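Novice: Below you'll find the structure I mean.
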Amino acid sequence: MTSASATRIGLLAIALWATLALLTAATGQVPAFLLTALTFAIGGLVGLGAALAGGGGLSGLKVLVQRPMAYVHGVGGLFGYHFLYFAALKLAPPAEAGLINYLWPLLIVLLSATLPGGGLKRAHVLGALMGFAGTVVLLVGKSGFGGIEGRYVPGYLAAFACAFIWAIYSVASRRFADVPTQAVAGFCLVTALLAGLCHLAWEETVWPADARQWAAVIALGVGPVGVAFYAWDIGMKKGDVRLLGVASYAAPVLSTLLLVAAGYAAPTAALALACAFIVGGAVVATRRAR
């Protein structure tokens, strides 16, 4: 597979992730660990089915046998990021939590300097500062200059944390280029199991209330928490990491527009300005990479 082909496949993941915030908001009051368990189980089964179909039957299950560090990387990244992301969307307004979380493309660009042939330029640092400025504008636009609403602080912190986790997981995937993409199915299934155990230990069970919410859960599992993982793995391992980092900033713009259209967010000036800062930061940070 050429780098260009892998990059195009990675772009598919970005398109699917644009629907993540909207679909998560549409799942209602399903607690974070339960939602993580349900969607990862679906996503893992999607990949497992593909491995069985492409591996000549049960022999396709061999892709699940990987070295321990591969599982530490895969499960740590997937479970850590998505639990925190779902929690952020539950604990803070979806548009704001989503934009804070979308610092991860900029972080991917910065961390790509650690890969062979990478290098950190002044433009990268300036882009990072612009991205941070965007998050400040976002928070101030919500609560004014008098301070941040305390009830949303846990959600904002969760969004910041998941941005770092996803960036590290993505860039580090290059170090696991020998692990086949089908192995992501195993990472998803282990993540679903861990999330299920956490749900039983700490959460009260609240199932989706109606067919619409169940449909949102299934759509999450198949698309942005399923197919997107496999596409992203290919893009990160074989494609242009910096180009995918830049392109990822299309996702928050599309995601915010979807939230506004569905009535989950208001089209405020602060939201537009924050988005402009974050996207502008990504463009500045990667102008040399282009």
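We name chains A, B, ... following the order of the structure tokens; residues begin at 1 in each chain, and ligands are numbered from 1 as shown.
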DSSP on the backbone: what in segment 57-288 of chain A comes out alpha helix (DSSP H), as a ChimeraX atom specification?
Specialist: /A:68-91,94-101,104-111,122-143,153-172,184-202,211-222,228-238,241-247,250-262,269-285
Novice: Using only C-alpha atoms, what table do you get, as JSON lines, when you list each residue of segment 160-252 of chain A with an atom no more than 12 Å from segment 260-279 of chain A, its nearest pair of atoms, and their distance in Å rounded to one decimal, rows by chain then rising number?
Specialist:
```
{"residue": "A:Gly245", "atom": "CA", "partner": "A:Val279", "partner_atom": "CA", "distance": 11.0}
{"residue": "A:Val246", "atom": "CA", "partner": "A:Val279", "partner_atom": "CA", "distance": 8.5}
{"residue": "A:Ala247", "atom": "CA", "partner": "A:Val279", "partner_atom": "CA", "distance": 9.7}
{"residue": "A:Ser248", "atom": "CA", "partner": "A:Val279", "partner_atom": "CA", "distance": 9.5}
{"residue": "A:Tyr249", "atom": "CA", "partner": "A:Val279", "partner_atom": "CA", "distance": 5.9}
{"residue": "A:Ala250", "atom": "CA", "partner": "A:Val279", "partner_atom": "CA", "distance": 8.1}
{"residue": "A:Ala251", "atom": "CA", "partner": "A:Val279", "partner_atom": "CA", "distance": 10.2}
{"residue": "A:Pro252", "atom": "CA", "partner": "A:Cys275", "partner_atom": "CA", "distance": 7.7}
```
Novice: Within 12 Å of Ala70 of chain A, counting only C-alpha atoms, which residues show up once you throw out same-chain ones fewer than 2 positions away? Write them as number ranges by chain, please.
Specialist: A: 63-68, 72-77, 169, 172-181, 183-184, 186-187
Novice: So, with only C-alpha atoms as the atoms that count, which of A:Ala97, A:Ala231, A:Val253, A:Met236 lies closest to Ser3 of chain A?
Specialist: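 That would be A:Met236, the residue with the smallest distance to Ser3 of chain A.
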Novice: Considering only C-alpha atoms, can you say which of A:Leu193, A:Leu259, A:Val225, A:Lys238 comes closest to Ile14 of chain A?
Specialist: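 Of the candidates, the smallest distance to Ile14 of chain A is held by A:Val225.
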Novice: In Å to one decimal, how far is atom CA of Ile168 of chain A from atom CA of Ala41 of chain A?
Specialist: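 It comes out at 23.3 Å.
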